[in-house]
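**Q** I'd like to ask some things about the structure below.
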Amino acid sequence: MIQPRDLFTQSIQLSPALLMALLVIPVVGGLIGVLLPAFGYIPALDKTTFTLSGFYSLFNTAGFGTMLLLSAVSSLVSTLLAFTITVLILACYFNSPWLYRIQRLLGPILVIPHAAAAIAISFLITPSGMMSRLFSPWLTQWQSPADWLLPHDPWAISMILGLTLKELPFLLLMALGALAQADLGEKLRAQHKVAMSLGYCPMTAFFKVVLPNLYPFLRLPILAVLAYASASVEIPLILGPNAPPTLAVAIMQWFNDVDLTLRIQASAGAIMQLLLTMTLLLSWWLLEKLIKRFSYNSLINGRREYAGQLIMRFTQLLTVILLTVIMLSLIGLILWSFAGYWRFPDALPSQFVLLHWQHALQHMQTPLLNTITIGFIATFVAVILTLSTLEAEQLRARNLSNFASLLIYLPMLIPSIAFLFGLVWLQEQVGSHHAYFNVIFGHLLFVLPYVFLSLASSYRRLDPRFSYLAASLGVTPSKVFLRVKLPQLLAPILIAFALGLAVSFSQYLPTLLSGGGRINTITTEAVALAGGASRRVSAVYALMQMLLPAMAFLLAWFIPKLVFTKQNAAHYVSTSSTKTTP
Amino acid sequence: MTSSNYLLLQARRMQFYALLFSVMLSLVFSSNSTAKQWQSVLDNGQNHNVYFHAWGGDPQINSYIQWLAQQVKRQYNIDLHHIKLTDTSEAVSRVLAERSAGNHSDGKIDLIWINGANFAAMAKHGLLTPDWANQLPNFALTNPSHNPAVSLDFGVPTQGMESPWGQAALTFYYDSAAMTAPPKTINQLLSWSAQHQGRFTYPRPPDFIGVSFLKYALISLTPKAQQSLLYQPVSKQSAALLLPNLWQFLDALHPNLWRSGQYFVSSSTALRRLVGDTELSLALTFSASEVPAAVARFDLPTSIRSYAMSDGSLSNIHFVAIPYNAANADSAKLVANFMLSVNAQAKKQHPEIWGDNTVLDLATLHPEQAAQFQLSNPHPSSLAPNHHSPALAEPHPSWVKVIEQQWLTRYGAQ
């Protein structure tokens, strides 16, 4: 195809390279920034020889093995659980309208920042929390809270619960997103029907027909979830054990320790974290290969029924329990944010007050403004870059190579704790002292992959005949892009925008580190307050963290409706007027 | 005999006058040059930003810092930004990162709220501006010659690297609905905890309050004759001599703690939340005034009472320091000087504002100025002003690291 070489086309052609550079350079640079100190090279401490002392002290750290085990087990188990439940829910409700109702109910959880979700869950399960208050003292006879190690149990059950609840909606949404692709969804639904007409139980039909075709679309999200869970900081901080904590939390503590030489050990730990995450990703991939190999025969063995009813009942029960847990956590959070005195074991506060909201709102203006400004700028840049990269794909008439696609997800797959400290060092090296800029740049690294993930499929699915038609009418590529493609993509763009905002709103480590602690957002405040003194203020901040992305998504859902209603009205007027003319 | 005595006396008197004269002379000259220096600080320091990195976990303290910001804005047109830290060591890492990047003059931190181990670490690595705090005009109000504590941070001479801001003592508080008599000594704490299983805990080191509790226990468990060892740099011998007392005590205490000592909260503020949840009945804090304030905000039940241990209260002074590469050092000095003013110190000591004890020597003040520090109508949950608790000075900071490390190896990983 011959392309006109106007400014639009040229800049569009450059954008994939720009996008890659924006993602790869900071991540790789950041990794180098921890690699050097890991081998004992910190000029600021007058240490300029390469040694392995950091690794030795790391391996000699008390409980180092437990840390590794905790990180590995919690991330693997939670990912496995989240994936299993996702698949069960999909299988159980594949042809039911309940699938979309459950999605609606779980969808908002996706945008709840990890910190807020962890706070809500900890409020639910602590011995003085909602759950135990509901059953005390009439059932448990407890007049004061039981001395149970929840959350923070050494088996990481609360942490796994938190991670699973947070990962589940993401995987479900990704699966439904794949099913929403017209060709794939229709094909799979049709095949499912065929299987059922051949006497397969709906559950069996899902597992044998739909899942093998759906899984490839879930692989990357699962790996991202696994990578995130293995190195996340907020949930283990709020729900996980601390004697010892997970590796990522320990690294963060070492990096922030007064003893500056601990940074060598911390950097070695970051490298270890990287290896751990890579090992986990590899094990998942191997697990997948194994399952594929061993389930191959059962796929075609013709068996129609595997206790489908039982599994269905179990899934329904599980879904109800999940939704109850989520509802109760939310109710607990709301109650705390308005609570006056509230002694155990009262199920309700003895009075309701507005004090906590008033107090928090008075102190929230700057963090709120920061949160919104940073979110908007980072997301705006991400959406523009994503759109132009996708447009470049179409102009070149070929998709990004697999390698390039993988690079886009680099910040999602590489544990942020491993490269963020190095990135801060890098930003110092290039003399970038503008905290606001650094934070926006840091956020962009994490916003971009999600925006891309969210927009790519809709963009690539766009019927090319519209553009061909427009082009054949002599319209320039820039006009095709702006007048033909973008209007059709209004809804997905807005959703991607809202997702980008939600991701930006929830960033903790990048805000804290890139901003040098100078930039406070609702999330940094919420995490700072989560371990803090007041459940009530903490509840207000956690709710605020939930409200912000919720509002973004509400707008994303509402704006296209408004636009389309207008267009439809206009369309209706125009068609009815054409009808009247003979 | 008498005449020689008289001569000696005369000679002493002469010596004294000579000394007095030289002191006055130096005062005149130095005050002249100090005045000039201060004038240049005033000229350079106005109309700038000051980034104040300070622990941000307490809403009361945060509000007080906001008030400070309003005041310095009005007086010097300085925009004071409070950067809320969860841990002061974040700021230490920050300055270090800046130095490693070769940023020696345009640092992001202008002023840090600091003391103890963080100060010792920054001082050791030369990360702080020296010799400015003693030049502040208001520093004289602390009466430094009679009050050496304002120039010592956990026993380490501050050398003008930090200016005192306030002082605090370890205070305990308990739920009077859950018990009648709280433990008053470290040994009573042990027997009390056995009777009240799971109703007390302390934060794990390196949390400030956690380390402070360990230091309080260590001092109280150490025989008087050996206590002087705690105020010298720690050695292998002194650690081996004194620390076993502490570990023996903790080995006995831990099974009685909250969650059987298997889990320790990471931050002191979590203690207050757990008392509010009625999970704990006894807790401790370094800012006594946070207790009545928390009751007023519904975070603690009305049955909470504060008290000081009768075998002593660990107490220390906290400071503000300027990093060596601060971009707005002069503006930071103006802010530090304002923090030492009578108005700012009196407001800070008010229980409704913060309740942090002043570092000024009230004897050097005008009676009307001193009257600003008087308070009326204490809250039932606040610490009684006439408690009998000897102040325990902080051990040498080198002990902190040893205590922390050994604690972590013994109890950190189970």
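Going by the structure tokens order, chains are called A, B, ..., each with residues numbered from 1, while ligands are numbered from 1 in the order shown.
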With DSSP run on the backbone, what are the strand (DSSP E) residues within segment 161-258 of chain B? I'd like them as a list in words.

**A** Glu162, Ser163, Pro164, Trp165, Gly166, Gln167, Ala168, Ala169, Thr171, Phe172, Tyr173, Tyr174 and Asp175 of chain B

**Q** Counting only C-alpha atoms, give me one row per residue of chain A with an atom at most 7 Å from an atom of chain B, showing the shortest contact pair and its distance in Å to one decimal, sorted by chain then residue number, as a Markdown table.

**A**
| residue | atom | partner | partner_atom | distance |
| --- | --- | --- | --- | --- |
| A:Pro43 | CA | B:Ser100 | CA | 6.2 |
| A:Ala44 | CA | B:Ser100 | CA | 4.2 |
| A:Ala62 | CA | B:Ala413 | CA | 5.9 |
| A:Gly63 | CA | B:Ala413 | CA | 5.0 |
| A:Ser128 | CA | B:Asp277 | CA | 6.1 |
| A:Ser144 | CA | B:Thr278 | CA | 6.8 |
| A:Pro145 | CA | B:Glu279 | CA | 5.8 |
| A:Asp147 | CA | B:Arg259 | CA | 5.6 |
| A:Trp148 | CA | B:Arg259 | CA | 6.1 |
| A:Leu149 | CA | B:Arg259 | CA | 5.5 |
| A:Asn242 | CA | B:Tyr263 | CA | 6.7 |
| A:Ala243 | CA | B:Ala413 | CA | 4.8 |
| A:Pro244 | CA | B:Ala413 | CA | 4.9 |
| A:Asn256 | CA | B:Glu90 | CA | 5.2 |
| A:Asp257 | CA | B:Ser89 | CA | 5.8 |
| A:Val258 | CA | B:Ser89 | CA | 5.1 |
| A:Asp259 | CA | B:Ala121 | CA | 7.0 |
| A:Gly340 | CA | B:Phe298 | CA | 5.3 |
| A:Tyr341 | CA | B:Phe298 | CA | 5.2 |
| A:Arg343 | CA | B:Thr278 | CA | 6.7 |
| A:Phe344 | CA | B:Thr278 | CA | 6.4 |
| A:Trp425 | CA | B:Ala97 | CA | 6.6 |
| A:Glu428 | CA | B:Ala101 | CA | 5.6 |
| A:Gln429 | CA | B:Ala101 | CA | 5.4 |
| A:Gly516 | CA | B:Arg94 | CA | 6.8 |
| A:Gly517 | CA | B:Ile83 | CA | 6.5 |
| A:Arg518 | CA | B:Ile83 | CA | 5.5 |
| A:Ala528 | CA | B:Thr86 | CA | 6.0 |
| A:Leu529 | CA | B:Gly57 | CA | 6.7 |
| A:Gly531 | CA | B:Ala270 | CA | 5.6 |
| A:Gly532 | CA | B:Thr269 | CA | 4.7 |
| A:Ala533 | CA | B:Thr269 | CA | 4.4 |
| A:Ser534 | CA | B:Arg273 | CA | 5.6 |
| A:Arg535 | CA | B:Arg273 | CA | 6.4 |

**Q** Once you have the residues from the selection above, write them out as a short mmCIF file (atom, residue, chain, number, x, y, z; two decimals), in the first residue's frame, restricted to N, CA and C atoms.

**A**
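Once everything was written out, this is selection-v7.cif:
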data_model
loop_
_atom_site.label_atom_id
_atom_site.label_comp_id
_atom_site.auth_asym_id
_atom_site.auth_seq_id
_atom_site.Cartn_x
_atom_site.Cartn_y
_atom_site.Cartn_z
N PRO A 43 29.23 4.30 44.85
CA PRO A 43 30.23 5.36 45.00
C PRO A 43 29.90 6.30 46.17
N ALA A 44 28.62 6.53 46.43
CA ALA A 44 28.25 7.47 47.48
C ALA A 44 28.73 7.00 48.85
N ALA A 62 18.39 -13.80 58.79
CA ALA A 62 17.51 -14.72 59.50
C ALA A 62 16.18 -14.85 58.76
N GLY A 63 15.78 -16.07 58.47
CA GLY A 63 14.48 -16.28 57.85
C GLY A 63 14.45 -16.03 56.35
N SER A 128 -11.24 -8.52 66.04
CA SER A 128 -12.21 -7.52 66.47
C SER A 128 -12.99 -6.99 65.27
N SER A 144 -14.36 -10.08 74.77
CA SER A 144 -13.29 -9.30 74.16
C SER A 144 -12.73 -10.15 73.01
N PRO A 145 -12.10 -9.49 72.04
CA PRO A 145 -11.71 -10.21 70.82
C PRO A 145 -10.77 -11.37 71.12
N ASP A 147 -7.66 -13.85 70.74
CA ASP A 147 -6.26 -13.55 70.43
C ASP A 147 -5.79 -14.44 69.29
N TRP A 148 -6.41 -14.27 68.14
CA TRP A 148 -6.04 -15.07 66.98
C TRP A 148 -5.14 -14.28 66.07
N LEU A 149 -4.21 -14.99 65.47
CA LEU A 149 -3.27 -14.31 64.58
C LEU A 149 -3.88 -14.13 63.20
N ASN A 242 4.90 -10.82 59.37
CA ASN A 242 6.09 -9.96 59.34
C ASN A 242 7.27 -10.54 60.12
N ALA A 243 7.16 -11.82 60.48
CA ALA A 243 8.30 -12.42 61.18
C ALA A 243 8.67 -13.75 60.54
N PRO A 244 9.32 -13.78 59.41
CA PRO A 244 9.73 -12.65 58.58
C PRO A 244 8.63 -12.28 57.58
N ASN A 256 14.95 1.23 52.95
CA ASN A 256 14.62 2.41 53.76
C ASN A 256 15.31 2.41 55.11
N ASP A 257 16.19 1.44 55.35
CA ASP A 257 16.80 1.36 56.67
C ASP A 257 17.80 2.50 56.88
N VAL A 258 17.94 2.86 58.15
CA VAL A 258 18.90 3.91 58.49
C VAL A 258 20.31 3.49 58.09
N ASP A 259 20.59 2.22 58.30
CA ASP A 259 21.92 1.71 58.00
C ASP A 259 22.10 1.65 56.49
N GLY A 340 -18.62 6.39 65.70
CA GLY A 340 -18.19 7.03 66.94
C GLY A 340 -17.52 5.96 67.77
N TYR A 341 -17.80 5.93 69.06
CA TYR A 341 -17.24 4.84 69.88
C TYR A 341 -17.86 3.53 69.44
N ARG A 343 -17.26 -0.28 70.73
CA ARG A 343 -16.57 -1.31 71.52
C ARG A 343 -16.91 -2.68 71.00
N PHE A 344 -15.95 -3.58 71.09
CA PHE A 344 -16.22 -4.98 70.83
C PHE A 344 -17.14 -5.49 71.94
N TRP A 425 17.53 6.37 40.97
CA TRP A 425 18.96 6.69 40.83
C TRP A 425 19.22 7.23 39.43
N GLU A 428 18.07 10.69 38.97
CA GLU A 428 19.04 11.61 39.57
C GLU A 428 20.20 11.81 38.61
N GLN A 429 20.66 10.72 37.98
CA GLN A 429 21.81 10.78 37.09
C GLN A 429 21.57 11.75 35.94
N GLY A 516 10.23 11.20 45.39
CA GLY A 516 11.06 11.48 46.55
C GLY A 516 10.20 11.76 47.77
N GLY A 517 9.00 11.21 47.78
CA GLY A 517 8.10 11.42 48.91
C GLY A 517 7.49 12.81 48.91
N ARG A 518 7.81 13.60 47.86
CA ARG A 518 7.33 14.97 47.85
C ARG A 518 5.88 15.06 47.42
N ALA A 528 0.05 5.08 54.20
CA ALA A 528 0.69 5.61 55.40
C ALA A 528 -0.26 5.50 56.59
N LEU A 529 -1.55 5.69 56.33
CA LEU A 529 -2.52 5.66 57.42
C LEU A 529 -2.98 4.25 57.75
N GLY A 531 -1.39 1.47 58.41
CA GLY A 531 -0.77 0.89 59.59
C GLY A 531 -0.98 1.80 60.78
N GLY A 532 -1.69 2.88 60.57
CA GLY A 532 -1.73 3.95 61.55
C GLY A 532 -2.74 3.76 62.65
N ALA A 533 -2.98 4.87 63.31
CA ALA A 533 -3.67 4.81 64.58
C ALA A 533 -5.17 4.73 64.44
N SER A 534 -5.71 5.26 63.36
CA SER A 534 -7.16 5.42 63.33
C SER A 534 -7.79 4.55 62.25
N ARG A 535 -8.54 3.55 62.66
CA ARG A 535 -9.32 2.77 61.71
C ARG A 535 -10.28 3.67 60.96
#

**Q** From a backbone DSSP assignment, name each residue in segment 216-290 of chain A labelled helix (DSSP H, G or I), as a ChimeraX atom specification.

**A** /A:216-231,234-239,247-255,262-290

**Q** So that I can see what lies close to Pro345 of chain A, please list as a list in words the residues with an atom at most 10 Å from it, counting only C-alpha atoms and leaving out residues fewer than 6 positions away in the same chain.

**A**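 Listing them by chain and then by number gives Ser128, Gly129, Met130, Ser132, Arg133, Leu134, Phe135, Ser136, Pro137, Trp138, Gln141, Trp142, Gln143, Ser144 and Pro145 of chain A; Asp277 and Thr278 of chain B.
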
**Q** Create the file for the chosen residues now, containing N, CA and C atoms and written as a short mmCIF file (atom, residue, chain, number, x, y, z; two decimals), in the first residue's frame.

**A**
data_model
loop_
_atom_site.label_atom_id
_atom_site.label_comp_id
_atom_site.auth_asym_id
_atom_site.auth_seq_id
_atom_site.Cartn_x
_atom_site.Cartn_y
_atom_site.Cartn_z
N SER A 128 -11.24 -8.52 66.04
CA SER A 128 -12.21 -7.52 66.47
C SER A 128 -12.99 -6.99 65.27
N GLY A 129 -12.90 -7.68 64.15
CA GLY A 129 -13.50 -7.18 62.91
C GLY A 129 -14.97 -7.52 62.75
N MET A 130 -15.49 -7.17 61.59
CA MET A 130 -16.91 -7.32 61.28
C MET A 130 -17.40 -8.75 61.51
N SER A 132 -16.26 -11.28 63.31
CA SER A 132 -16.35 -11.79 64.67
C SER A 132 -17.38 -10.99 65.47
N ARG A 133 -17.58 -9.71 65.14
CA ARG A 133 -18.63 -8.94 65.82
C ARG A 133 -20.01 -9.48 65.51
N LEU A 134 -20.18 -9.95 64.25
CA LEU A 134 -21.50 -10.46 63.86
C LEU A 134 -21.86 -11.71 64.65
N PHE A 135 -20.85 -12.50 65.03
CA PHE A 135 -21.12 -13.76 65.72
C PHE A 135 -20.86 -13.68 67.23
N SER A 136 -20.52 -12.47 67.71
CA SER A 136 -20.22 -12.34 69.15
C SER A 136 -21.24 -11.43 69.81
N PRO A 137 -21.55 -11.62 71.07
CA PRO A 137 -21.13 -12.78 71.86
C PRO A 137 -22.11 -13.95 71.80
N TRP A 138 -23.20 -13.82 71.02
CA TRP A 138 -24.26 -14.82 71.10
C TRP A 138 -23.81 -16.22 70.71
N GLN A 141 -19.45 -16.41 72.53
CA GLN A 141 -19.28 -16.08 73.95
C GLN A 141 -18.11 -15.13 74.19
N TRP A 142 -17.61 -14.49 73.11
CA TRP A 142 -16.47 -13.60 73.30
C TRP A 142 -16.93 -12.26 73.81
N GLN A 143 -16.37 -11.81 74.93
CA GLN A 143 -16.65 -10.46 75.40
C GLN A 143 -15.54 -9.51 74.95
N SER A 144 -14.36 -10.08 74.77
CA SER A 144 -13.29 -9.30 74.16
C SER A 144 -12.73 -10.15 73.01
N PRO A 145 -12.10 -9.49 72.04
CA PRO A 145 -11.71 -10.21 70.82
C PRO A 145 -10.77 -11.37 71.12
N ASP B 277 -9.63 -1.00 69.18
CA ASP B 277 -10.40 -2.20 68.85
C ASP B 277 -10.67 -3.07 70.07
N THR B 278 -10.20 -2.64 71.23
CA THR B 278 -10.25 -3.41 72.48
C THR B 278 -9.49 -4.74 72.36
#

**Q** Just want the 9 Å neighbourhood of segment 399-411 of chain A, counted on only C-alpha atoms, with same-chain residues fewer than 5 positions away dropped. Output as a tab-separated table (two decimals) with C-alpha atoms, in the first residue's frame.

**A**
chain	number	residue	atom	x	y	z
A	16	PRO	CA	5.88	2.40	18.27
A	19	LEU	CA	6.52	3.70	23.10
A	20	MET	CA	9.07	0.90	23.33
A	23	LEU	CA	9.04	1.44	28.54
A	24	VAL	CA	12.32	-0.34	27.99
A	27	VAL	CA	13.11	-0.58	33.21
A	220	LEU	CA	-0.45	-13.00	29.70
A	224	ALA	CA	1.13	-10.50	35.03
A	389	THR	CA	1.10	2.84	17.99
A	390	LEU	CA	-2.04	0.92	17.06
A	392	ALA	CA	0.98	2.67	13.03
A	393	GLU	CA	0.25	-1.05	13.08
A	394	GLN	CA	-2.63	-0.52	10.71
A	416	SER	CA	8.55	-2.99	40.23
A	445	LEU	CA	5.33	2.93	32.99
A	446	PHE	CA	2.49	1.16	34.75
A	448	LEU	CA	0.78	2.27	29.52
A	449	PRO	CA	0.63	-1.55	29.51
A	450	TYR	CA	-2.90	-1.58	30.89
A	452	PHE	CA	-2.52	-0.87	25.61
A	453	LEU	CA	-3.97	-4.16	26.80
A	460	ARG	CA	-7.40	-4.35	15.89

**Q** Nearest to Trp113 of chain B among B:Ala329, B:Leu243, B:Ala194, B:Ile317, with distances taken over only C-alpha atoms: which residue is it?

**A**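 Smallest separation from Trp113 of chain B among the options: B:Ile317.
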
**Q** Would you please work out which residue, of B:Ala346, B:Ala384, B:Leu314, B:Leu230, is nearest to Trp399 of chain B when using only C-alpha atoms?

**A**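 Checking each of B:Ala346, B:Ala384, B:Leu314, B:Leu230 against Trp399 of chain B, counting only C-alpha atoms, the winner is B:Leu230.
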
**Q** Write out as a list in words each polymer residue whose atoms come within 8 Å of segment 474-491 of chain A, counting only C-alpha atoms; drop sequence neighbours fewer than 5 positions from it.

**A**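 Counting only C-alpha atoms, the residues come to Phe8, Thr9, Glu391, Ser458, Tyr459, Leu462, Phe466, Ser467, Ala556, Trp557 and Pro560 of chain A.
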